[in-house]
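Worksheet: the structure to be examined is printed underneath.
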Amino acid sequence: MVVPDVALAPRDEAAIVARVKAAFGFALRACGWSATDGITALPLQVHITALPRGTMARTSGPRAFSVASNALRRAGVDGVLAHELTHLQDFRAARGGLSSIPRFLEEGRALSIGRGFRASLGVCADDLERVEAIAALTGEQAAEALAGFRDGSGLRRARRTGAVFRWMSVSVFFVEFLRVRAHGTGWPDAIGRLSRIWLRVGRGEGFDSAFTAEFSQPLQSLEEAFVSFVASTEGDRAARLRKTEYETTPRSPACAPAAPR
């Protein structure tokens, strides 16, 4: 259902809805979710409205999804749509247990899915800046982000201290670590495993139990391994980015600088 809170031409409204549907479909596929999981059972309310400056889209629960009326004129909007719609699915999957899931896992997974959707469309957005932030991380900064970014209060603290982009970079790189490097070879289906944790939590299982069942070890062990890896690759950009989605980002045609006129 579309709720236009601002006046839009029918063509513009249809364009926004089409982009939302495409992003939602990508996010569902990335998570390995389907209608049989109950994720799509509730109708989706798409509010086309005026949002605060710099905000392209926002999720506020299991049904309501807001898109800025001028969103389609902004760079990287498709990735933001997929990111925020992943959060909407999180509400539906984990239900009342969502607060038990560390915020850095929520954000890292959503950022990874958003980036994947952008990449499928050949859009770079902030990927170059993200690569530089990841390459510059120290082990101490990684540990700080994982310890501090556990819930909403951690996000507020990051905003106060100007650490949001760095903490988000740690979050998405942790998910990449799970995918390609943890326990030696990583879990290529890490996004799907995380998504199954959300479903298990939504059915009443404790987060720690659900995580260990999917990854064969407690989250704390993988956090320690991640911090150790980041610390061991300080100053070695190639080793840190090897095999990750960010290894080839600077060479991506989508991220190439525009030719001089």
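Order determines the names: the first chain of the structure tokens is A, the second B, and so forth; residues in each chain are numbered 1 upward, and ligands are numbered 1 upward as they are shown.
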Shell of 12 Å around A:Arg196, only C-alpha atoms, local chain residues under 5 positions omitted, as number ranges by chain = A: 30-34, 37, 39, 90, 93-94, 189-191, 201-203, 205, 207, 210-215
Do you know which residues are at most 12 Å from stretch 60-74 of chain A counting only C-alpha atoms, after dropping those on the same chain fewer than 6 positions away, and could you put them as a PyMOL selection string?
-> chain A and resi 1-9+12-21+24+38-54+80-96+98+123+125
Find the residues around A:Tyr246 up to 8 Å (only C-alpha atoms counted), leave out those fewer than 3 positions away in its own chain, and share them as a PyMOL selection string.
-> chain A and resi 127+131+241+249-250
What lies within 9 Å of A:Ala145 using only C-alpha atoms, ignoring chain neighbours under 3 positions off, as a VMD selection string?
-> chain A and resid 104 140 to 142 148 to 150 154 158 163 166 to 168 170 to 171
Taking the DSSP assignment computed from this structure's backbone, write out as a ChimeraX atom specification all residues of stretch 55-85 of chain A that belong to strand (DSSP E).
-> /A:57-59,64-68
